[in-house]
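Visitor: See structure_22.txt below, with compact mmCIF, C-alpha atoms and all ligand atoms.
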```
# COMPACT_ATOMS: atom_id res chain seq x y z
CA MET Y 1 0.00 0.00 0.00
CA ALA Y 2 1.28 3.50 -0.83
CA GLU Y 3 2.65 5.34 2.21
CA LYS Y 4 0.78 8.36 3.48
CA LYS Y 5 2.16 11.63 2.16
CA LEU Y 6 4.08 13.63 4.74
CA ARG Y 7 2.42 16.96 5.49
CA ILE Y 8 5.07 19.69 5.33
CA GLY Y 9 4.98 23.21 6.79
CA PHE Y 10 7.34 26.16 6.44
CA ILE Y 11 8.43 28.48 9.24
CA GLY Y 12 10.05 31.54 7.68
CA THR Y 13 9.61 32.14 3.95
CA GLY Y 14 12.66 34.30 3.16
CA GLY Y 15 15.73 33.56 1.05
CA ILE Y 16 16.65 29.99 1.96
CA ALA Y 17 13.05 28.78 2.10
CA HIS Y 18 13.20 29.09 -1.71
CA ASP Y 19 15.80 26.32 -1.89
CA HIS Y 20 13.75 24.15 0.46
CA ILE Y 21 10.53 24.51 -1.51
CA ARG Y 22 12.23 23.86 -4.84
CA ALA Y 23 13.61 20.59 -3.42
CA TYR Y 24 10.18 19.57 -2.01
CA LEU Y 25 8.52 20.37 -5.34
CA ARG Y 26 11.05 18.27 -7.25
CA ARG Y 27 10.47 15.49 -4.72
CA MET Y 28 6.70 15.74 -5.18
CA ALA Y 29 7.15 15.44 -8.95
CA LYS Y 30 9.42 12.41 -8.61
CA TYR Y 31 8.06 10.44 -5.63
CA ASN Y 32 4.76 12.14 -4.71
CA ASP Y 33 5.39 11.28 -1.05
CA VAL Y 34 5.14 14.77 0.50
CA GLU Y 35 2.63 17.60 0.32
CA ILE Y 36 3.12 21.23 1.26
CA VAL Y 37 0.16 22.26 3.37
CA ALA Y 38 1.05 25.43 5.30
CA GLY Y 39 3.59 28.14 5.92
CA CYS Y 40 4.13 31.14 8.12
CA ASP Y 41 6.19 34.30 8.22
CA ILE Y 42 6.00 37.07 10.79
CA ILE Y 43 5.85 39.60 7.94
CA PRO Y 44 2.17 39.71 6.92
CA GLY Y 45 1.61 38.58 3.33
CA LYS Y 46 5.13 37.22 2.87
CA ALA Y 47 4.13 33.54 3.10
CA ASP Y 48 1.29 34.15 0.59
CA ASP Y 49 3.70 35.79 -1.88
CA PHE Y 50 6.13 32.91 -1.39
CA PHE Y 51 3.62 30.19 -2.26
CA ARG Y 52 2.22 32.28 -5.14
CA GLU Y 53 5.73 32.57 -6.58
CA PHE Y 54 5.89 28.76 -6.79
CA SER Y 55 2.25 28.34 -7.84
CA VAL Y 56 1.60 26.23 -4.75
CA ASP Y 57 -2.17 26.35 -4.13
CA ASN Y 58 -4.35 25.06 -1.33
CA VAL Y 59 -1.92 26.05 1.40
CA ARG Y 60 -2.88 27.92 4.54
CA THR Y 61 -0.68 30.76 5.69
CA TYR Y 62 -0.07 32.33 9.09
CA VAL Y 63 2.00 35.06 10.71
CA SER Y 64 2.66 33.08 13.87
CA HIS Y 65 4.32 29.69 13.98
CA GLU Y 66 2.37 28.86 17.16
CA ASP Y 67 -0.95 29.49 15.36
CA MET Y 68 0.16 27.37 12.42
CA LEU Y 69 1.30 24.50 14.64
CA ASP Y 70 -1.94 24.66 16.67
CA ALA Y 71 -4.19 24.71 13.61
CA GLU Y 72 -2.44 22.24 11.31
CA LYS Y 73 -1.65 18.56 11.66
CA LEU Y 74 1.87 18.67 10.25
CA ASP Y 75 4.32 15.78 10.06
CA ALA Y 76 7.40 17.90 9.44
CA VAL Y 77 8.56 21.49 9.16
CA SER Y 78 11.39 23.35 7.48
CA VAL Y 79 12.59 26.01 9.91
CA CYS Y 80 14.04 28.72 7.65
CA THR Y 81 14.10 31.67 10.03
CA TYR Y 82 17.13 33.85 10.82
CA ASN Y 83 19.52 32.62 13.51
CA ARG Y 84 17.92 34.37 16.49
CA GLN Y 85 14.64 32.68 15.60
CA HIS Y 86 15.96 29.13 15.26
CA ALA Y 87 15.32 27.96 18.81
CA ALA Y 88 11.73 29.06 19.56
CA PRO Y 89 10.08 27.70 16.36
CA THR Y 90 12.12 24.48 16.53
CA ILE Y 91 11.15 23.82 20.15
CA ALA Y 92 7.50 24.63 19.44
CA SER Y 93 7.47 22.35 16.37
CA LEU Y 94 9.01 19.42 18.25
CA ARG Y 95 6.51 19.90 21.07
CA HIS Y 96 3.72 19.79 18.50
CA GLY Y 97 5.04 16.40 17.35
CA CYS Y 98 6.73 17.59 14.14
CA HIS Y 99 10.02 16.40 12.72
CA VAL Y 100 12.28 19.39 12.03
CA ILE Y 101 14.86 20.27 9.43
CA LEU Y 102 16.49 23.42 10.80
CA GLU Y 103 18.75 25.69 8.79
CA LYS Y 104 22.35 26.18 9.88
CA PRO Y 105 23.89 27.45 12.12
CA PHE Y 106 22.25 25.41 14.88
CA ALA Y 107 21.59 28.65 16.82
CA VAL Y 108 23.40 31.66 18.24
CA THR Y 109 24.22 30.35 21.72
CA LEU Y 110 25.03 26.99 23.22
CA GLU Y 111 22.12 27.30 25.66
CA GLU Y 112 19.62 27.53 22.79
CA CYS Y 113 21.04 24.30 21.33
CA VAL Y 114 20.68 22.53 24.67
CA ASP Y 115 17.05 23.67 24.91
CA MET Y 116 16.33 22.41 21.39
CA MET Y 117 17.99 19.07 22.11
CA ARG Y 118 15.92 18.63 25.27
CA ALA Y 119 12.76 19.25 23.24
CA GLU Y 120 14.05 16.81 20.61
CA LYS Y 121 14.65 14.13 23.23
CA GLU Y 122 11.26 14.62 24.90
CA SER Y 123 9.44 14.54 21.56
CA GLY Y 124 11.20 11.51 20.09
CA LYS Y 125 11.07 13.34 16.74
CA ILE Y 126 13.90 13.93 14.28
CA LEU Y 127 15.88 17.15 14.38
CA THR Y 128 18.41 17.53 11.59
CA ILE Y 129 20.53 20.60 10.85
CA GLY Y 130 20.87 21.94 7.30
CA PHE Y 131 24.48 21.35 6.29
CA GLN Y 132 24.04 20.38 2.62
CA PRO Y 133 27.82 20.03 1.88
CA ARG Y 134 27.57 16.82 3.94
CA PHE Y 135 25.96 15.24 0.88
CA ASP Y 136 28.77 16.12 -1.55
CA ARG Y 137 30.95 13.20 -2.64
CA ASN Y 138 34.23 15.11 -2.34
CA MET Y 139 33.39 16.32 1.14
CA GLN Y 140 32.48 12.75 2.06
CA GLN Y 141 35.84 11.63 0.69
CA ILE Y 142 37.65 13.68 3.35
CA LYS Y 143 35.95 11.64 6.06
CA LYS Y 144 36.64 8.39 4.20
CA ILE Y 145 40.36 9.25 3.99
CA VAL Y 146 40.55 9.90 7.73
CA GLU Y 147 38.48 6.85 8.64
CA ALA Y 148 40.57 4.59 6.38
CA GLY Y 149 43.57 5.57 8.52
CA GLU Y 150 45.42 7.14 5.56
CA LEU Y 151 46.53 10.09 7.72
CA GLY Y 152 47.41 8.08 10.81
CA ARG Y 153 46.67 9.96 14.00
CA VAL Y 154 45.34 13.45 13.24
CA TYR Y 155 46.92 16.04 15.57
CA TYR Y 156 46.54 19.47 13.88
CA ILE Y 157 43.94 21.05 11.61
CA GLN Y 158 43.92 24.46 9.98
CA THR Y 159 40.59 25.41 8.48
CA GLY Y 160 38.34 28.30 7.60
CA GLY Y 161 38.65 30.77 4.81
CA GLY Y 162 36.21 33.27 3.56
CA ARG Y 163 35.79 36.25 1.38
CA ARG Y 164 37.88 39.26 0.57
CA SER Y 165 34.75 41.34 0.17
CA GLY Y 166 31.44 39.68 0.80
CA ILE Y 167 29.37 41.09 3.63
CA PRO Y 168 25.89 39.70 2.87
CA ALA Y 169 23.90 42.90 3.22
CA LYS Y 170 21.48 44.85 1.09
CA ARG Y 171 19.40 47.86 1.95
CA ASP Y 172 16.27 45.70 1.90
CA LYS Y 173 17.89 42.64 3.51
CA THR Y 174 19.89 43.10 6.65
CA SER Y 175 18.94 39.93 8.55
CA PHE Y 176 22.51 38.55 8.24
CA ILE Y 177 24.19 41.62 9.75
CA ARG Y 178 21.86 42.62 12.56
CA GLU Y 179 22.53 41.59 16.12
CA ASP Y 180 18.83 41.03 16.83
CA THR Y 181 18.29 38.73 13.85
CA ALA Y 182 21.63 37.05 13.05
CA GLY Y 183 23.39 37.34 16.44
CA ILE Y 184 26.59 36.06 14.82
CA GLY Y 185 28.06 37.08 11.46
CA ALA Y 186 30.70 35.29 9.37
CA LEU Y 187 30.94 32.72 12.17
CA GLY Y 188 27.36 31.53 11.71
CA ASP Y 189 26.97 32.26 8.02
CA ILE Y 190 30.02 30.40 6.70
CA GLY Y 191 32.34 29.52 9.62
CA CYS Y 192 30.07 26.73 10.85
CA TYR Y 193 30.51 24.97 7.47
CA SER Y 194 34.32 24.98 7.69
CA LEU Y 195 34.10 23.62 11.21
CA ASP Y 196 31.66 20.94 10.11
CA MET Y 197 33.86 19.86 7.20
CA VAL Y 198 36.79 18.96 9.45
CA LEU Y 199 35.02 17.99 12.67
CA ASN Y 200 32.76 15.57 10.81
CA ALA Y 201 35.83 14.07 9.11
CA ILE Y 202 37.50 13.30 12.44
CA GLY Y 203 34.37 12.10 14.23
CA TYR Y 204 33.34 15.27 16.06
CA PRO Y 205 35.57 15.18 19.16
CA ALA Y 206 34.39 17.50 21.94
CA PRO Y 207 36.01 20.93 22.15
CA LEU Y 208 37.73 21.57 25.49
CA THR Y 209 39.13 25.13 25.39
CA VAL Y 210 39.22 28.00 22.95
CA THR Y 211 41.10 31.26 22.56
CA GLY Y 212 38.95 33.19 20.16
CA PHE Y 213 38.52 36.61 18.62
CA THR Y 214 35.92 38.47 16.59
CA THR Y 215 36.28 41.79 14.79
CA ASP Y 216 33.97 44.13 12.87
CA TYR Y 217 36.36 46.64 11.27
CA PHE Y 218 34.76 46.34 7.83
CA GLY Y 219 31.12 45.87 8.73
CA LYS Y 220 31.00 49.05 10.76
CA ASN Y 221 32.88 51.11 8.17
CA PRO Y 222 30.71 52.78 5.46
CA ASP Y 223 33.73 52.73 3.11
CA SER Y 224 33.43 48.93 2.91
CA TYR Y 225 30.14 49.14 1.05
CA TRP Y 226 30.95 50.13 -2.52
CA PRO Y 227 28.15 50.88 -4.97
CA PRO Y 228 26.65 49.48 -7.11
CA ARG Y 229 26.97 46.27 -5.11
CA TYR Y 230 25.80 48.01 -1.97
CA SER Y 231 23.52 50.97 -1.51
CA LYS Y 232 23.13 53.15 1.60
CA PRO Y 233 26.62 52.45 3.05
CA GLU Y 234 26.02 54.66 6.11
CA TYR Y 235 22.83 52.79 6.93
CA LEU Y 236 24.47 49.36 6.52
CA ALA Y 237 27.47 50.36 8.67
CA ARG Y 238 25.11 51.67 11.37
CA THR Y 239 23.01 48.50 11.20
CA PHE Y 240 25.97 46.12 11.38
CA GLY Y 241 26.03 44.35 14.76
CA VAL Y 242 27.90 41.06 14.25
CA ASP Y 243 31.42 39.76 13.42
CA ASP Y 244 32.91 40.14 9.95
CA PHE Y 245 36.09 38.23 10.86
CA ALA Y 246 36.62 35.68 13.59
CA GLY Y 247 38.72 32.75 14.59
CA GLY Y 248 40.19 30.74 17.36
CA LEU Y 249 42.65 28.15 18.54
CA VAL Y 250 40.68 25.22 19.87
CA ARG Y 251 41.84 22.22 21.87
CA LEU Y 252 39.78 19.15 21.02
CA GLU Y 253 39.40 15.94 22.95
CA GLY Y 254 42.06 13.45 21.88
CA GLY Y 255 44.85 16.04 21.67
CA VAL Y 256 43.88 17.63 18.34
CA ILE Y 257 44.57 21.35 17.81
CA LEU Y 258 42.14 23.21 15.56
CA ASP Y 259 43.29 26.52 14.11
CA PHE Y 260 40.30 28.29 12.55
CA ARG Y 261 39.54 31.64 10.97
CA ILE Y 262 36.66 32.94 8.87
CA SER Y 263 36.11 36.17 6.96
CA TRP Y 264 33.39 38.17 5.28
CA ALA Y 265 35.90 40.91 4.48
CA MET Y 266 39.70 41.29 4.62
CA HIS Y 267 42.57 42.76 2.64
CA MET Y 268 43.75 39.35 1.44
CA ASP Y 269 42.77 36.99 -1.35
CA THR Y 270 42.49 33.88 0.81
CA ALA Y 271 42.68 32.89 4.44
CA GLY Y 272 44.50 29.74 3.38
CA ASP Y 273 43.90 26.11 2.56
CA THR Y 274 42.47 23.57 4.94
CA LEU Y 275 45.30 21.36 6.22
CA ILE Y 276 44.78 18.14 8.15
CA LEU Y 277 48.06 16.87 9.59
CA GLY Y 278 48.39 13.28 10.71
CA THR Y 279 51.28 11.08 11.79
CA LYS Y 280 51.22 9.09 8.50
CA ALA Y 281 50.18 11.77 5.99
CA GLY Y 282 48.84 15.27 5.58
CA LEU Y 283 45.85 16.34 3.50
CA ARG Y 284 45.58 19.71 1.78
CA ILE Y 285 42.10 20.83 0.75
CA PRO Y 286 42.52 23.86 -1.50
CA SER Y 287 41.24 27.15 -0.18
CA THR Y 288 37.61 26.35 -0.33
CA ASP Y 289 34.26 28.03 -0.13
CA CYS Y 290 32.99 24.78 1.30
CA TRP Y 291 29.70 26.52 2.17
CA ASN Y 292 29.04 26.47 -1.57
CA GLY Y 293 28.91 22.72 -1.30
CA SER Y 294 32.26 21.19 -2.20
CA VAL Y 295 36.05 21.33 -2.06
CA GLY Y 296 37.86 24.18 -3.81
CA GLY Y 297 39.80 21.88 -6.18
CA PRO Y 298 41.66 18.57 -6.16
CA MET Y 299 42.94 17.59 -2.73
CA THR Y 300 46.57 16.53 -2.21
CA LEU Y 301 47.87 13.86 0.13
CA TYR Y 302 51.47 14.38 1.37
CA ARG Y 303 53.44 11.45 2.78
CA GLU Y 304 56.77 9.59 2.80
CA CYS Y 305 57.24 6.55 0.59
CA ALA Y 306 60.44 4.52 1.25
CA GLY Y 307 62.31 7.64 2.30
CA GLN Y 308 60.96 9.79 -0.50
CA SER Y 309 58.47 12.64 -0.07
CA VAL Y 310 55.52 12.03 -2.38
CA GLU Y 311 52.31 13.84 -3.19
CA THR Y 312 49.15 12.23 -4.50
CA VAL Y 313 46.56 14.46 -6.13
CA LEU Y 314 43.06 13.13 -5.64
CA PRO Y 315 40.81 13.62 -8.64
CA ILE Y 316 37.55 15.47 -8.13
CA LEU Y 317 34.67 13.03 -7.81
CA LYS Y 318 31.68 13.67 -10.04
CA ASP Y 319 28.06 13.15 -9.07
CA ALA Y 320 26.38 10.04 -10.39
CA PRO Y 321 23.37 10.41 -12.70
CA GLY Y 322 20.24 10.52 -10.58
CA ASP Y 323 22.04 11.90 -7.49
CA GLY Y 324 20.04 15.13 -7.70
CA ASP Y 325 21.58 18.32 -6.38
CA LEU Y 326 22.70 18.87 -2.78
CA TRP Y 327 19.26 20.20 -1.87
CA ASP Y 328 17.53 17.11 -3.23
CA ARG Y 329 19.87 15.02 -1.10
CA LYS Y 330 19.47 17.22 1.97
CA ILE Y 331 15.65 17.20 1.88
CA GLY Y 332 15.66 13.57 0.69
CA SER Y 333 17.78 12.47 3.65
CA PHE Y 334 15.32 14.18 6.03
CA ILE Y 335 12.29 12.48 4.45
CA ARG Y 336 14.05 9.12 4.44
CA ALA Y 337 14.98 9.48 8.12
CA ILE Y 338 11.33 10.21 8.98
CA ARG Y 339 10.15 7.19 6.99
CA GLU Y 340 12.77 4.89 8.49
CA GLY Y 341 12.53 6.18 12.06
CA GLY Y 342 15.92 7.87 12.10
CA PRO Y 343 18.70 8.54 12.69
CA ALA Y 344 18.87 12.26 11.92
CA PRO Y 345 21.17 12.74 8.89
CA VAL Y 346 23.00 15.68 10.49
CA PRO Y 347 22.40 15.10 14.20
CA SER Y 348 22.17 17.72 16.90
CA SER Y 349 24.54 15.63 19.05
CA GLN Y 350 27.32 16.54 16.57
CA ILE Y 351 26.36 20.07 15.70
CA ILE Y 352 26.17 21.14 19.34
CA LYS Y 353 29.98 20.75 19.38
CA ASN Y 354 30.25 22.99 16.33
CA GLN Y 355 28.09 25.56 18.11
CA ALA Y 356 30.08 25.17 21.34
CA ILE Y 357 33.20 26.32 19.46
CA ILE Y 358 31.39 29.34 18.01
CA ASP Y 359 29.96 30.14 21.43
CA GLY Y 360 33.43 29.75 22.95
CA ILE Y 361 34.97 32.10 20.37
CA VAL Y 362 32.38 34.76 21.14
CA ARG Y 363 32.86 34.40 24.92
CA SER Y 364 36.65 34.32 24.68
CA SER Y 365 36.66 37.39 22.47
CA LYS Y 366 34.55 39.33 24.97
CA LEU Y 367 36.69 38.27 27.93
CA GLY Y 368 40.02 38.63 26.11
CA ARG Y 369 41.31 35.25 27.32
CA GLU Y 370 41.03 31.50 26.81
CA VAL Y 371 37.77 29.90 27.97
CA GLU Y 372 36.79 26.36 28.85
CA ILE Y 373 33.96 24.70 26.99
CA HIS Y 374 31.38 22.63 28.86
CA ILE Y 375 28.56 21.05 26.91
CA PRO Y 376 25.69 20.21 29.28
CA GLU Y 377 24.27 16.67 29.30
CA VAL Y 378 20.96 16.43 27.49
N1 LIG O 401 21.97 26.19 3.90
C1 LIG O 401 22.30 27.26 3.22
O1 LIG O 401 22.94 27.19 2.18
C2 LIG O 401 21.87 28.60 3.71
C3 LIG O 401 21.99 29.72 2.88
C4 LIG O 401 21.51 30.94 3.33
C5 LIG O 401 20.96 31.05 4.60
N2 LIG O 401 20.90 29.95 5.40
C6 LIG O 401 20.35 30.06 6.77
O2 LIG O 401 18.95 30.17 6.68
C7 LIG O 401 18.44 31.04 7.69
C8 LIG O 401 17.54 32.09 7.05
O3 LIG O 401 18.28 32.82 6.09
P1 LIG O 401 17.50 33.64 4.96
O4 LIG O 401 18.52 34.09 3.99
O5 LIG O 401 16.36 32.86 4.46
O6 LIG O 401 16.98 34.86 5.84
P2 LIG O 401 15.75 35.82 5.50
O7 LIG O 401 15.88 36.98 6.38
O8 LIG O 401 15.67 36.02 4.02
O9 LIG O 401 14.48 34.95 5.90
C9 LIG O 401 14.11 34.64 7.21
C10 LIG O 401 12.59 34.78 7.29
O10 LIG O 401 12.14 34.28 8.55
C11 LIG O 401 11.07 35.08 8.97
N3 LIG O 401 10.87 34.86 10.41
C12 LIG O 401 11.67 35.21 11.44
N4 LIG O 401 11.19 34.74 12.60
C13 LIG O 401 10.07 34.04 12.30
C14 LIG O 401 9.15 33.28 13.06
N5 LIG O 401 9.27 33.12 14.38
N6 LIG O 401 8.11 32.70 12.42
C15 LIG O 401 7.95 32.83 11.08
N7 LIG O 401 8.81 33.53 10.31
C16 LIG O 401 9.86 34.12 10.90
C17 LIG O 401 11.49 36.49 8.59
O11 LIG O 401 10.42 37.39 8.55
C18 LIG O 401 12.10 36.23 7.21
O12 LIG O 401 11.14 36.35 6.19
C19 LIG O 401 19.66 31.62 8.40
O13 LIG O 401 19.82 30.99 9.64
C20 LIG O 401 20.83 31.31 7.49
O14 LIG O 401 22.03 31.03 8.18
C21 LIG O 401 21.31 28.74 4.98
```
Go through the file and emit its structure as structure tokens.

Guide:
Amino acid sequence: MAEKKLRIGFIGTGGIAHDHIRAYLRRMAKYNDVEIVAGCDIIPGKADDFFREFSVDNVRTYVSHEDMLDAEKLDAVSVCTYNRQHAAPTIASLRHGCHVILEKPFAVTLEECVDMMRAEKESGKILTIGFQPRFDRNMQQIKKIVEAGELGRVYYIQTGGGRRSGIPAKRDKTSFIREDTAGIGALGDIGCYSLDMVLNAIGYPAPLTVTGFTTDYFGKNPDSYWPPRYSKPEYLARTFGVDDFAGGLVRLEGGVILDFRISWAMHMDTAGDTLILGTKAGLRIPSTDCWNGSVGGPMTLYRECAGQSVETVLPILKDAPGDGDLWDRKIGSFIRAIREGGPAPVPSSQIIKNQAIIDGIVRSSKLGREVEIHIPEV
């Protein structure tokens, strides 16, 4: 007998919700196993415009996620709100018995993540976090290389990167740069991806201490916002309330040192390659915008072979026909996990460690010293 279609709702219908709905619509066309039944956005009319744009009819719209969750019998929701509004809608959805796919970063603070994980545990529902590069074959290859023991014992990682000039702000869209909506800047927009790339590869050891820093020299400077790319530079500089550059030196369980930096703006072309050093070999992942979904070019393995230093360049892996894009795989993995009763494809138990590093960087930067990281039991 055909399985019941999963009833999907949207919380937040801004930029990234567009990628979610496109993936659900492709899924509906291919498998017909989900239906989009409702959506909400706190801006009146925005959810209606969103569904109209995709010609999705017969949906009910709301301005409050609580009203939507009370009125609808949803199986699952896409939480596509800005960072400061990740926790409340996620907790409410889980308490209403919905499975949740939540956009990255997990949240702004560690405490919010703990609260969400408690709601997840109490509900028994799936909570997965939206890191679509996880579904890229080349990114997966990094983990396979580590797990196959090719690097030996990993003891040092340099990662991060970022943009020379790329503060994501427009006059009519400032949700990424405002303290009250984003809470964190480059750290949460792109830094969490770099952290996930390497932490996932080495099995997500717990972070123990961090010496971190954040700066905002560019974001708060009107001269950083050149037209025609930006308009109203004074307004954007005044509105800017997050980090545009950040980093930290993190001690991880198992004696691994993680050296991380991330940039939305800097006077430099690159913040460097990702390097994973092990006792048997080292892996160089070319300076990568991994948040765009993959590695920045062929990776190189450095090792000794019978007393000779050798380098092996790993060819880029191509997608197989029928793989779909990263969004098909991200939404597909969520639907599959619901159907099969778990586990969550990108579990909160991992991503809380990612968030703990970000949280530690912010705290350390404020205090001007190293801080210890304690992740509460859930
Ligand atoms: N995975 C990716 O590739 C990717 C890319 C971009 C953004 N993101 C993440 O997606 C999130 C949203 O980014 P965006 O670009 O869509 O932002 P956005 O500002 O365009 O959209 C967020 C929407 O949420 C709405 N909203 C806020 N609180 C709400 C609530 N409680 N209930 C209902 N609606 C609410 C806002 O009104 C807004 O329309 C961010 O956390 C961001 O980090 C992920």

Visitor: Enumerate residues in contact with ligand LIG 401 (chain O): an atom-to-atom distance of at most 6 Å, counting all atoms listed in the file. Format the result as a list of chain:residue names.

Guide: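 The residues within 6 Å of ligand LIG 401 (chain O), counting all atoms listed in the file, are Y:Ile11, Y:Gly12, Y:Thr13, Y:Gly14, Y:Gly15, Y:Ile16, Y:Ala17, Y:Cys40, Y:Asp41, Y:Ile42, Y:Ile43, Y:Ser64, Y:His65, Y:Cys80, Y:Thr81, Y:Tyr82, Y:Asn83, Y:Gln85, Y:Pro89, Y:Glu103, Y:Lys104, Y:Pro105, Y:Gly130, Y:Phe131, Y:Ser175, Y:Asp189.
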
Visitor: In Å, rounded to a single decimal, give me how far atom CA of Y:Pro376 is from atom CA of Y:Gly124.

Guide: 19.2 Å

Visitor: Counting all atoms listed in the file, what is within 12 Å of Y:Val310, bar same-chain residues fewer than 6 positions away, as a VMD selection string?

Guide: chain Y and resid 281 to 282 300 to 304

Visitor: Given the selection you just returned, output its residues as a file containing C-alpha atoms, formatted as a compact mmCIF listing (two decimals), in the frame of the given file.

Guide:
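As a result, out.txt now contains:
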```
# COMPACT_ATOMS: atom_id res chain seq x y z
CA ALA Y 281 50.18 11.77 5.99
CA GLY Y 282 48.84 15.27 5.58
CA THR Y 300 46.57 16.53 -2.21
CA LEU Y 301 47.87 13.86 0.13
CA TYR Y 302 51.47 14.38 1.37
CA ARG Y 303 53.44 11.45 2.78
CA GLU Y 304 56.77 9.59 2.80
```

Visitor: From the options Y:Ile167, Y:Val256, Y:Ala88, Y:Ala71, which residue's atoms come nearest to Y:Tyr225, counting only C-alpha atoms?

Guide: Y:Ile167

Visitor: Can you work out which one of Y:Leu252, Y:Ile190, Y:Met266, Y:Met139 has the shortest atom-to-atom distance to Y:Leu317, counting all atoms listed in the file?

Guide: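 Using all atoms listed in the file, the shortest distance to Y:Leu317 belongs to Y:Met139.
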
Visitor: Tell me which protein, DNA and RNA residues are within 6 Å of Y:Ala38, counting all atoms listed in the file, leaving out same-chain ones fewer than 2 positions away, and put them as a list in words.

Guide: Gly9, Val59, Arg60 and Thr61 of chain Y

Visitor: Kindly give the distance, in Å, that separates atom CA of Y:Gln141 and atom CA of Y:Leu277, rounded to a single decimal.

Guide: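 Taking atom CA of Y:Gln141 as the start and atom CA of Y:Leu277 as the end point, the length is 16.0 Å.
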
Visitor: Would you kindly identify which residues have an atom no farther than 8 Å from (33.7, 41.4, 11.7), using all atoms listed in the file and the file's own coordinates, and write them out as a list in words?

Guide: Gly185, Ala186, Thr214, Thr215, Asp216, Tyr217, Phe218, Gly219, Val242, Asp243, Asp244, Phe245, Ala246, Ser263, Trp264 and Ala265 of chain Y

Visitor: Calculated over all atoms listed in the file, which of the candidates Y:Trp327, Y:Tyr156, Y:Phe260, Y:Phe334 has the smallest distance to Y:Phe213?

Guide: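 Of Y:Trp327, Y:Tyr156, Y:Phe260, Y:Phe334, the one nearest Y:Phe213 is Y:Phe260, counting all atoms listed in the file.
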